[in-house]
Amino acid sequence: MSTRAKPAPRLPGQDADAGTWTDKARRWLLAKLPPDKLLPGDQPIYVMSWAYVFGMGAVASLVWIIASGVVLGLNGPQWYHVSPLGGFVNSSHLWSVELFFIFMVVHLWLKFWMAAWRGGRVLTWITGMLSFIVSIVAAFTGYLLQTNFDSQWIAFEAKDALNSVGVGAWFNVANLGQIFVWHITLLPLAVGAVVVLHALLVRVHGVVPPLDASEDDAQLSTNTVEVGGNPPGAGRQVAPATSLTPAEPKDAAL
Amino acid sequence: MAGWLVNGAATVGAGTYFGWDGFTIQSGNLIVIAVMVILFILALLLPFPGGKGRK
Amino acid sequence: MTGKGAATSWQKRDDVAGRPWTGRVREYDLLKELTIGVVVVGLMVLGVSALFGAPDEPSVSLKSWAASAPADFVATAAKELAGTSDTAGYGPPYNSTPDASQKIGPVDLQSLPGVRLPVDTAQDFVIGPLEQLPSPPAALADWTAATEQQRSDWASAYSDALAAAPDNDPAKVADGSYGPVPALTGALADMARQGTLDGVLQGGGTFYNLDYTLSLLFLGDGSYFPGLAASQHLSGDQWGVMNETGDTPGQSWLWLFSLLYQVEPFKSSPNADALAVVTMAVLTVLLTLLSFIPGLRSIPRKLPVHRLIWKDYYRHR
Ligand code: HEM
């Protein structure tokens, strides 16, 4: 026989009163990044420029870097020297890295000119820079792993810079075993983690509005019901609006 | 080179370099940098398609 | 709003940029864009790889060095015995040569780890490997029995004589008091030509090895290996930091680091590496913290490139 009062069964999604760490974490996460922010079906009207495709270009290149890298790694470091297919996969690895950096650098330039750190987005900028820095180190260790003349020479030259600041003793570019671990596990994991964080932060904050956007822009007049007519101030080529963002209370921003 | 179509050549050439007055740039790097600048400019100038699909 | 500069500040304010967007929206399909991106970039990667491939210049071994440039090999071995090679005078982390480390002002980061990867050039590059031979040269005993002073006198004298000889050819060296040194360096060159030295230097006679520190330092002390690199524009004073062999693009993102080595005060400084690394670190931190730096962070507002980026939006205001 039990005299304990049983708590009412909780429905999934119902906010529990209990203050467990897990409860708090879930609530924090859902508030920061509700599913419709994580996987949005629309974007603000100003997200309408080629400037926005370069981040995705970098992500796509990263996918190819990892795919080709896995094939190279699983076949062992000697494979690509002797097999035409291996040579091709090695080329793909190199070229996806070159494309990755091309996209990333253009992305960086564009985000600078957009001053995309505004409105509480500074961590997005900082994680972007971290992706850049970690990617540079990752690419460098890749060059060291080529096991050919180029990697020999890069190791020989680079040791001086690393030794001059006391790093070379632990990060020994001539020790292939060490470099292998850095290049095929630690650094890719780091790049992946920072990029995921970066992309999640973009989703959390939403894309930064134009520098000169002001409260009285036509595109901001939320209260206009844009059904069955041209929204005020919009050109004639603009199709009638059929939906609006769910109105969020101003201070719901986190 | 170990590319698919160019497979066979055992060693690469000395490369093509441009430069003057202590400034040197290798052709591949020059092209990559040029491509970045061109992409940047195109991203600014090209109209983005789908302007009609606005809601 | 406080002042115009505030518009590009990192701080979150109650303005259009600081609030969630409540204005008009357009349809957007994140996963479709990702998929298209992966497919398009994939086609680009495969296409460019098929067209250009990637360079794969074979590595240099001690064997190929001794075979292609025997005089350079012997001269380098003599310097290793004399303790006058680059490696012998390198300082930390390989040895404790006084005043060899690079400094940033008064700060000596290079000496911090101490001699963590010790290299004794005479012992590790020459004497030790020769002792591994099935029948070590008799000259080894003379070397071992001699005093430090005697050894360095012999080796330095031979090193100078080689430099003075026609074509630096060991066979044409003038007579002198070189002790066992010519026999030792000659035996080492034979060992290298036969391919035995590569294995011994790398693995110290063991089966497994992934550490190429000794072989690489020895190779770099000669002029054959750096000469090959220079012919490929890979040296530091040729912007080599960012170059790849042939015409394939290299690490062009290192352009600024590469550039520093071409200009003063870096170019002629004995601390060039340390200064370049620290300069790059500072600049990288500045770029990372750009949004906290008044003036720099306002550039995007003063040079309105953004009018082109958001031309669609501005047109419909
Ligand atoms: C591994 C490299 C990188 C990847 C995969 C990446 C990916 C992305 C993606 C997918 C977006 C959203 C779409 C877009 O605006 O393009 C984005 C936005 C952003 N990225 Fe990156 N990025 C990388 C590096 C960088 C770098 C180096 C910076 C600058 C230092 C940077 C700064 C930003 C900023 C500030 C945003 C927010 C844009 C906004 O709110 O409009 N990212 N990034």
# chains A, B, ... in the order shown; residues from 1 in each chain; ligands from 1
>>> residues_around(residues="region 30-47 of chain C", least_positions_apart="6", cutoff="7 Å", atoms="only C-alpha atoms", output="ChimeraX atom specification")
/A:39,56-57,60-61,64,92,95-96
>>> closest_atom_pairs(of="chain C", to="ligand 1", cutoff="10 Å", atoms="only C-alpha atoms and all ligand atoms", output="Markdown table")
| residue | atom | partner | partner_atom_place_in_ligand_line | distance |
| --- | --- | --- | --- | --- |
| C:Ala17 | CA | ligand 1 | 40 (O) | 9.5 |
| C:Leu30 | CA | ligand 1 | 10 (C) | 9.6 |
| C:Leu34 | CA | ligand 1 | 10 (C) | 8.8 |
| C:Leu287 | CA | ligand 1 | 30 (C) | 7.5 |
| C:Thr288 | CA | ligand 1 | 30 (C) | 6.6 |
| C:Leu289 | CA | ligand 1 | 30 (C) | 9.4 |
| C:Leu290 | CA | ligand 1 | 30 (C) | 9.1 |
>>> write_last_selection(atoms="N, CA and C atoms", output="PDB file, in the first residue's frame")
ATOM      1  N   ALA C  17      18.686  45.106 -36.130  1.00  0.00           N
ATOM      2  CA  ALA C  17      19.625  43.989 -36.146  1.00  0.00           C
ATOM      3  C   ALA C  17      19.559  43.164 -34.867  1.00  0.00           C
ATOM      4  N   LEU C  30      16.308  25.031 -46.812  1.00  0.00           N
ATOM      5  CA  LEU C  30      17.672  24.807 -46.328  1.00  0.00           C
ATOM      6  C   LEU C  30      18.268  23.513 -46.863  1.00  0.00           C
ATOM      7  N   LEU C  34      21.383  22.820 -49.428  1.00  0.00           N
ATOM      8  CA  LEU C  34      22.539  21.998 -49.043  1.00  0.00           C
ATOM      9  C   LEU C  34      22.789  20.916 -50.083  1.00  0.00           C
ATOM     10  N   LEU C 287      41.718  40.234 -36.230  1.00  0.00           N
ATOM     11  CA  LEU C 287      40.618  39.946 -37.156  1.00  0.00           C
ATOM     12  C   LEU C 287      39.488  39.224 -36.428  1.00  0.00           C
ATOM     13  N   THR C 288      39.865  38.327 -35.503  1.00  0.00           N
ATOM     14  CA  THR C 288      38.849  37.595 -34.754  1.00  0.00           C
ATOM     15  C   THR C 288      38.028  38.547 -33.882  1.00  0.00           C
ATOM     16  N   LEU C 289      38.718  39.531 -33.304  1.00  0.00           N
ATOM     17  CA  LEU C 289      38.036  40.449 -32.393  1.00  0.00           C
ATOM     18  C   LEU C 289      37.644  41.762 -33.078  1.00  0.00           C
ATOM     19  N   LEU C 290      37.563  41.697 -34.405  1.00  0.00           N
ATOM     20  CA  LEU C 290      37.321  42.897 -35.209  1.00  0.00           C
ATOM     21  C   LEU C 290      36.141  43.726 -34.714  1.00  0.00           C
TER      22      LEU C 290
END
>>> residues_around(residues="Leu45 (chain B)", least_positions_apart="5", cutoff="9 Å", atoms="only C-alpha atoms", output="list in words")
Trp50 of chain A; Phe40 of chain B; Leu308 and Ile309 of chain C
>>> interface_residues(of="chain C", to="chain B", cutoff="8 Å", atoms="only C-alpha atoms", output="mmCIF file with all heavy atoms, in the first residue's frame")
data_model
loop_
_atom_site.group_PDB
_atom_site.id
_atom_site.type_symbol
_atom_site.label_atom_id
_atom_site.label_comp_id
_atom_site.auth_asym_id
_atom_site.auth_seq_id
_atom_site.Cartn_x
_atom_site.Cartn_y
_atom_site.Cartn_z
ATOM 1 N N ARG C 24 8.798 40.971 -43.766
ATOM 2 C CA ARG C 24 8.415 40.048 -44.818
ATOM 3 C C ARG C 24 9.467 38.978 -45.014
ATOM 4 O O ARG C 24 10.642 39.167 -44.727
ATOM 5 C CB ARG C 24 8.173 40.816 -46.121
ATOM 6 C CG ARG C 24 7.035 41.834 -45.952
ATOM 7 C CD ARG C 24 6.746 42.552 -47.231
ATOM 8 N NE ARG C 24 6.571 41.606 -48.315
ATOM 9 C CZ ARG C 24 7.171 41.719 -49.493
ATOM 10 N NH1 ARG C 24 7.989 42.717 -49.715
ATOM 11 N NH2 ARG C 24 6.945 40.834 -50.427
ATOM 12 N N VAL C 25 9.043 37.852 -45.513
ATOM 13 C CA VAL C 25 9.950 36.710 -45.669
ATOM 14 C C VAL C 25 9.829 36.161 -47.076
ATOM 15 O O VAL C 25 8.918 36.515 -47.823
ATOM 16 C CB VAL C 25 9.611 35.590 -44.659
ATOM 17 C CG1 VAL C 25 9.842 36.063 -43.245
ATOM 18 C CG2 VAL C 25 8.183 35.114 -44.845
ATOM 19 N N ARG C 26 10.770 35.323 -47.424
ATOM 20 C CA ARG C 26 10.668 34.610 -48.694
ATOM 21 C C ARG C 26 10.816 33.122 -48.420
ATOM 22 O O ARG C 26 11.351 32.718 -47.384
ATOM 23 C CB ARG C 26 11.744 35.073 -49.666
ATOM 24 C CG ARG C 26 13.140 34.596 -49.309
ATOM 25 C CD ARG C 26 14.093 34.882 -50.451
ATOM 26 N NE ARG C 26 15.441 34.438 -50.170
ATOM 27 C CZ ARG C 26 15.959 33.294 -50.618
ATOM 28 N NH1 ARG C 26 15.245 32.439 -51.316
ATOM 29 N NH2 ARG C 26 17.218 32.989 -50.342
ATOM 30 N N GLU C 27 10.368 32.350 -49.359
ATOM 31 C CA GLU C 27 10.472 30.905 -49.187
ATOM 32 C C GLU C 27 11.935 30.498 -49.239
ATOM 33 O O GLU C 27 12.719 31.079 -49.992
ATOM 34 C CB GLU C 27 9.697 30.196 -50.296
ATOM 35 C CG GLU C 27 9.400 28.750 -49.960
ATOM 36 C CD GLU C 27 8.627 28.104 -51.095
ATOM 37 O OE1 GLU C 27 9.284 27.605 -52.019
ATOM 38 O OE2 GLU C 27 7.393 28.125 -51.047
ATOM 39 N N SER C 49 39.690 17.787 -60.588
ATOM 40 C CA SER C 49 40.655 16.724 -60.294
ATOM 41 C C SER C 49 41.009 15.952 -61.560
ATOM 42 O O SER C 49 42.179 15.609 -61.790
ATOM 43 C CB SER C 49 40.093 15.747 -59.257
ATOM 44 O OG SER C 49 39.664 16.448 -58.133
ATOM 45 N N ALA C 50 39.980 15.658 -62.379
ATOM 46 C CA ALA C 50 40.235 14.929 -63.617
ATOM 47 C C ALA C 50 41.108 15.759 -64.553
ATOM 48 O O ALA C 50 42.000 15.236 -65.221
ATOM 49 C CB ALA C 50 38.914 14.574 -64.291
ATOM 50 N N LEU C 51 40.869 17.056 -64.571
ATOM 51 C CA LEU C 51 41.638 17.928 -65.468
ATOM 52 C C LEU C 51 43.076 18.115 -65.013
ATOM 53 O O LEU C 51 44.008 17.985 -65.800
ATOM 54 C CB LEU C 51 40.969 19.301 -65.529
ATOM 55 C CG LEU C 51 39.972 19.553 -66.638
ATOM 56 C CD1 LEU C 51 39.422 20.963 -66.506
ATOM 57 C CD2 LEU C 51 40.652 19.373 -67.995
ATOM 58 N N PHE C 52 43.253 18.430 -63.753
ATOM 59 C CA PHE C 52 44.570 18.869 -63.300
ATOM 60 C C PHE C 52 45.309 17.870 -62.429
ATOM 61 O O PHE C 52 46.522 17.986 -62.257
ATOM 62 C CB PHE C 52 44.444 20.196 -62.536
ATOM 63 C CG PHE C 52 43.867 21.305 -63.365
ATOM 64 C CD1 PHE C 52 42.646 21.865 -63.039
ATOM 65 C CD2 PHE C 52 44.542 21.775 -64.481
ATOM 66 C CE1 PHE C 52 42.106 22.892 -63.807
ATOM 67 C CE2 PHE C 52 44.016 22.794 -65.256
ATOM 68 C CZ PHE C 52 42.792 23.354 -64.920
ATOM 69 N N GLY C 53 44.611 16.913 -61.838
ATOM 70 C CA GLY C 53 45.293 15.980 -60.950
ATOM 71 C C GLY C 53 45.946 16.708 -59.788
ATOM 72 O O GLY C 53 45.538 17.795 -59.419
ATOM 73 N N ALA C 54 46.950 16.053 -59.220
ATOM 74 C CA ALA C 54 47.689 16.675 -58.125
ATOM 75 C C ALA C 54 49.136 16.243 -58.251
ATOM 76 O O ALA C 54 49.402 15.119 -58.672
ATOM 77 C CB ALA C 54 47.116 16.248 -56.775
ATOM 78 N N PRO C 55 50.072 17.109 -57.920
ATOM 79 C CA PRO C 55 51.479 16.741 -58.079
ATOM 80 C C PRO C 55 51.893 15.716 -57.018
ATOM 81 O O PRO C 55 51.319 15.693 -55.930
ATOM 82 C CB PRO C 55 52.216 18.060 -57.869
ATOM 83 C CG PRO C 55 51.310 18.880 -57.036
ATOM 84 C CD PRO C 55 49.906 18.441 -57.339
ATOM 85 N N ASP C 56 52.825 14.877 -57.360
ATOM 86 C CA ASP C 56 53.327 13.896 -56.397
ATOM 87 C C ASP C 56 54.799 13.644 -56.694
ATOM 88 O O ASP C 56 55.183 12.595 -57.189
ATOM 89 C CB ASP C 56 52.507 12.599 -56.491
ATOM 90 C CG ASP C 56 52.829 11.649 -55.350
ATOM 91 O OD1 ASP C 56 53.413 12.107 -54.354
ATOM 92 O OD2 ASP C 56 52.511 10.451 -55.479
ATOM 93 N N GLU C 57 55.593 14.644 -56.416
ATOM 94 C CA GLU C 57 57.037 14.559 -56.642
ATOM 95 C C GLU C 57 57.619 13.539 -55.664
ATOM 96 O O GLU C 57 57.385 13.643 -54.467
ATOM 97 C CB GLU C 57 57.642 15.936 -56.383
ATOM 98 C CG GLU C 57 59.005 16.108 -56.947
ATOM 99 C CD GLU C 57 58.955 16.778 -58.310
ATOM 100 O OE1 GLU C 57 57.933 16.664 -59.005
ATOM 101 O OE2 GLU C 57 59.938 17.413 -58.654
ATOM 102 N N PRO C 58 58.361 12.543 -56.166
ATOM 103 C CA PRO C 58 58.872 11.515 -55.256
ATOM 104 C C PRO C 58 59.763 12.114 -54.171
ATOM 105 O O PRO C 58 60.453 13.113 -54.409
ATOM 106 C CB PRO C 58 59.700 10.605 -56.171
ATOM 107 C CG PRO C 58 59.367 10.991 -57.556
ATOM 108 C CD PRO C 58 58.803 12.364 -57.544
ATOM 109 N N SER C 231 64.789 25.008 -56.611
ATOM 110 C CA SER C 231 64.468 24.906 -58.037
ATOM 111 C C SER C 231 62.966 24.802 -58.248
ATOM 112 O O SER C 231 62.468 25.025 -59.346
ATOM 113 C CB SER C 231 65.187 23.699 -58.648
ATOM 114 O OG SER C 231 64.570 22.506 -58.205
ATOM 115 N N GLN C 232 62.226 24.466 -57.203
ATOM 116 C CA GLN C 232 60.759 24.404 -57.275
ATOM 117 C C GLN C 232 60.123 25.630 -56.632
ATOM 118 O O GLN C 232 58.925 25.627 -56.326
ATOM 119 C CB GLN C 232 60.251 23.144 -56.555
ATOM 120 C CG GLN C 232 60.605 21.854 -57.235
ATOM 121 C CD GLN C 232 59.591 21.459 -58.293
ATOM 122 O OE1 GLN C 232 58.681 22.221 -58.610
ATOM 123 N NE2 GLN C 232 59.737 20.275 -58.851
ATOM 124 N N HIS C 233 60.906 26.664 -56.372
ATOM 125 C CA HIS C 233 60.395 27.894 -55.754
ATOM 126 C C HIS C 233 59.775 27.634 -54.389
ATOM 127 O O HIS C 233 58.752 28.219 -54.057
ATOM 128 C CB HIS C 233 59.347 28.568 -56.645
ATOM 129 C CG HIS C 233 59.928 29.214 -57.855
ATOM 130 N ND1 HIS C 233 60.156 30.556 -57.949
ATOM 131 C CD2 HIS C 233 60.347 28.688 -59.023
ATOM 132 C CE1 HIS C 233 60.678 30.839 -59.122
ATOM 133 N NE2 HIS C 233 60.804 29.718 -59.799
ATOM 134 N N GLN C 238 61.545 32.703 -51.389
ATOM 135 C CA GLN C 238 60.886 32.686 -52.708
ATOM 136 C C GLN C 238 59.369 32.600 -52.541
ATOM 137 O O GLN C 238 58.693 32.088 -53.411
ATOM 138 C CB GLN C 238 61.331 31.456 -53.513
ATOM 139 C CG GLN C 238 62.809 31.397 -53.810
ATOM 140 C CD GLN C 238 63.172 30.046 -54.407
ATOM 141 O OE1 GLN C 238 62.835 28.999 -53.848
ATOM 142 N NE2 GLN C 238 63.832 30.062 -55.549
ATOM 143 N N TRP C 239 58.850 33.028 -51.431
ATOM 144 C CA TRP C 239 57.421 32.891 -51.132
ATOM 145 C C TRP C 239 57.053 31.411 -51.053
ATOM 146 O O TRP C 239 55.896 31.040 -51.252
ATOM 147 C CB TRP C 239 56.549 33.548 -52.210
ATOM 148 C CG TRP C 239 56.747 35.020 -52.342
ATOM 149 C CD1 TRP C 239 57.831 35.650 -52.875
ATOM 150 C CD2 TRP C 239 55.865 36.057 -51.914
ATOM 151 N NE1 TRP C 239 57.678 37.004 -52.811
ATOM 152 C CE2 TRP C 239 56.468 37.294 -52.243
ATOM 153 C CE3 TRP C 239 54.614 36.067 -51.314
ATOM 154 C CZ2 TRP C 239 55.872 38.514 -51.965
ATOM 155 C CZ3 TRP C 239 54.013 37.290 -51.065
ATOM 156 C CH2 TRP C 239 54.641 38.496 -51.373
ATOM 157 N N ASN C 243 53.736 27.906 -51.642
ATOM 158 C CA ASN C 243 53.791 27.254 -52.948
ATOM 159 C C ASN C 243 53.718 25.730 -52.887
ATOM 160 O O ASN C 243 54.175 25.109 -51.946
ATOM 161 C CB ASN C 243 55.084 27.647 -53.677
ATOM 162 C CG ASN C 243 55.084 29.107 -54.080
ATOM 163 O OD1 ASN C 243 54.037 29.737 -54.100
ATOM 164 N ND2 ASN C 243 56.246 29.628 -54.387
ATOM 165 N N THR C 245 54.513 22.211 -55.473
ATOM 166 C CA THR C 245 55.354 21.901 -56.620
ATOM 167 C C THR C 245 54.548 22.055 -57.907
ATOM 168 O O THR C 245 53.320 21.913 -57.916
ATOM 169 C CB THR C 245 55.877 20.458 -56.530
ATOM 170 O OG1 THR C 245 54.777 19.595 -56.251
ATOM 171 C CG2 THR C 245 56.904 20.322 -55.412
ATOM 172 N N GLY C 246 55.232 22.327 -59.016
ATOM 173 C CA GLY C 246 54.556 22.481 -60.299
ATOM 174 C C GLY C 246 53.656 23.706 -60.312
ATOM 175 O O GLY C 246 53.946 24.717 -59.686
ATOM 176 N N ASP C 247 52.540 23.598 -61.031
ATOM 177 C CA ASP C 247 51.626 24.725 -61.172
ATOM 178 C C ASP C 247 50.376 24.584 -60.318
ATOM 179 O O ASP C 247 49.443 25.380 -60.430
ATOM 180 C CB ASP C 247 51.217 24.882 -62.649
ATOM 181 C CG ASP C 247 52.310 25.575 -63.443
ATOM 182 O OD1 ASP C 247 52.880 26.536 -62.909
ATOM 183 O OD2 ASP C 247 52.606 25.142 -64.570
ATOM 184 N N THR C 248 50.315 23.533 -59.509
ATOM 185 C CA THR C 248 49.136 23.333 -58.665
ATOM 186 C C THR C 248 49.116 24.378 -57.557
ATOM 187 O O THR C 248 50.160 24.667 -56.980
ATOM 188 C CB THR C 248 49.182 21.927 -58.043
ATOM 189 O OG1 THR C 248 49.452 20.998 -59.079
ATOM 190 C CG2 THR C 248 47.873 21.588 -57.374
ATOM 191 N N PRO C 249 47.958 24.952 -57.272
ATOM 192 C CA PRO C 249 47.916 25.927 -56.179
ATOM 193 C C PRO C 249 48.294 25.279 -54.852
ATOM 194 O O PRO C 249 48.055 24.094 -54.635
ATOM 195 C CB PRO C 249 46.457 26.398 -56.173
ATOM 196 C CG PRO C 249 45.699 25.407 -56.969
ATOM 197 C CD PRO C 249 46.656 24.802 -57.929
ATOM 198 N N GLY C 250 48.904 26.067 -54.005
ATOM 199 C CA GLY C 250 49.309 25.567 -52.687
ATOM 200 C C GLY C 250 48.491 26.206 -51.597
ATOM 201 O O GLY C 250 47.283 26.375 -51.739
ATOM 202 N N GLN C 251 49.166 26.592 -50.513
ATOM 203 C CA GLN C 251 48.444 27.171 -49.379
ATOM 204 C C GLN C 251 48.390 28.689 -49.548
ATOM 205 O O GLN C 251 49.031 29.428 -48.811
ATOM 206 C CB GLN C 251 49.129 26.788 -48.069
ATOM 207 C CG GLN C 251 49.252 25.274 -47.894
ATOM 208 C CD GLN C 251 49.960 24.874 -46.614
ATOM 209 O OE1 GLN C 251 49.408 24.992 -45.540
ATOM 210 N NE2 GLN C 251 51.189 24.408 -46.717
ATOM 211 N N SER C 252 47.599 29.130 -50.550
ATOM 212 C CA SER C 252 47.592 30.567 -50.844
ATOM 213 C C SER C 252 47.075 31.374 -49.658
ATOM 214 O O SER C 252 47.360 32.559 -49.559
ATOM 215 C CB SER C 252 46.769 30.854 -52.095
ATOM 216 O OG SER C 252 45.520 30.227 -52.012
ATOM 217 N N GLN C 262 59.547 38.236 -46.866
ATOM 218 C CA GLN C 262 60.164 38.950 -47.989
ATOM 219 C C GLN C 262 60.475 40.401 -47.647
ATOM 220 O O GLN C 262 61.080 41.109 -48.432
ATOM 221 C CB GLN C 262 59.267 38.925 -49.238
ATOM 222 C CG GLN C 262 58.474 37.646 -49.463
ATOM 223 C CD GLN C 262 59.353 36.422 -49.571
ATOM 224 O OE1 GLN C 262 60.417 36.470 -50.169
ATOM 225 N NE2 GLN C 262 58.916 35.320 -48.972
ATOM 226 N N LEU C 308 25.434 46.928 -52.505
ATOM 227 C CA LEU C 308 25.353 45.960 -53.602
ATOM 228 C C LEU C 308 24.816 44.624 -53.104
ATOM 229 O O LEU C 308 24.005 43.978 -53.764
ATOM 230 C CB LEU C 308 26.739 45.766 -54.223
ATOM 231 C CG LEU C 308 27.257 46.955 -55.034
ATOM 232 C CD1 LEU C 308 28.715 46.761 -55.395
ATOM 233 C CD2 LEU C 308 26.411 47.124 -56.288
ATOM 234 N N ILE C 309 25.277 44.211 -51.930
ATOM 235 C CA ILE C 309 24.852 42.909 -51.404
ATOM 236 C C ILE C 309 23.337 42.875 -51.210
ATOM 237 O O ILE C 309 22.673 41.911 -51.558
ATOM 238 C CB ILE C 309 25.569 42.617 -50.072
ATOM 239 C CG1 ILE C 309 27.072 42.524 -50.301
ATOM 240 C CG2 ILE C 309 25.023 41.338 -49.438
ATOM 241 C CD1 ILE C 309 27.889 42.380 -49.037
#
>>> atom_distance(atom1="CA of Leu110 (chain A)", atom2="CA of Ala51 (chain A)")
6.5 Å
>>> atom_distance(atom1="CA of Ser131 (chain A)", atom2="CA of Val195 (chain A)")
6.2 Å
>>> decode(residues="region 27-33 of chain B", atoms="all heavy atoms", output="short mmCIF file (atom, residue, chain, number, x, y, z; two decimals), in the first residue's frame")
data_model
loop_
_atom_site.label_atom_id
_atom_site.label_comp_id
_atom_site.auth_asym_id
_atom_site.auth_seq_id
_atom_site.Cartn_x
_atom_site.Cartn_y
_atom_site.Cartn_z
N SER B 27 51.69 30.30 -60.53
CA SER B 27 50.50 30.42 -61.37
C SER B 27 49.24 29.87 -60.68
O SER B 27 48.19 30.49 -60.72
CB SER B 27 50.72 29.72 -62.70
OG SER B 27 50.92 28.34 -62.47
N GLY B 28 49.37 28.71 -60.04
CA GLY B 28 48.20 28.11 -59.40
C GLY B 28 47.64 29.02 -58.31
O GLY B 28 46.43 29.25 -58.23
N ASN B 29 48.54 29.55 -57.48
CA ASN B 29 48.09 30.44 -56.43
C ASN B 29 47.46 31.71 -57.00
O ASN B 29 46.46 32.20 -56.49
CB ASN B 29 49.26 30.84 -55.52
CG ASN B 29 49.65 29.70 -54.58
OD1 ASN B 29 48.87 28.79 -54.35
ND2 ASN B 29 50.86 29.75 -54.07
N LEU B 30 48.07 32.22 -58.07
CA LEU B 30 47.53 33.43 -58.70
C LEU B 30 46.11 33.19 -59.17
O LEU B 30 45.21 34.01 -58.96
CB LEU B 30 48.42 33.85 -59.88
CG LEU B 30 47.99 35.12 -60.60
CD1 LEU B 30 48.12 36.32 -59.66
CD2 LEU B 30 48.82 35.35 -61.86
N ILE B 31 45.90 32.01 -59.80
CA ILE B 31 44.57 31.71 -60.32
C ILE B 31 43.57 31.59 -59.17
O ILE B 31 42.46 32.12 -59.23
CB ILE B 31 44.61 30.43 -61.18
CG1 ILE B 31 45.40 30.72 -62.46
CG2 ILE B 31 43.21 29.93 -61.50
CD1 ILE B 31 45.73 29.49 -63.27
N VAL B 32 43.97 30.91 -58.10
CA VAL B 32 43.05 30.75 -56.97
C VAL B 32 42.67 32.11 -56.39
O VAL B 32 41.49 32.39 -56.12
CB VAL B 32 43.70 29.85 -55.88
CG1 VAL B 32 42.99 30.02 -54.54
CG2 VAL B 32 43.63 28.40 -56.31
N ILE B 33 43.65 32.99 -56.25
CA ILE B 33 43.34 34.31 -55.70
C ILE B 33 42.45 35.10 -56.67
O ILE B 33 41.48 35.75 -56.25
CB ILE B 33 44.65 35.06 -55.37
CG1 ILE B 33 45.34 34.36 -54.20
CG2 ILE B 33 44.37 36.52 -55.02
CD1 ILE B 33 46.76 34.82 -53.93
#
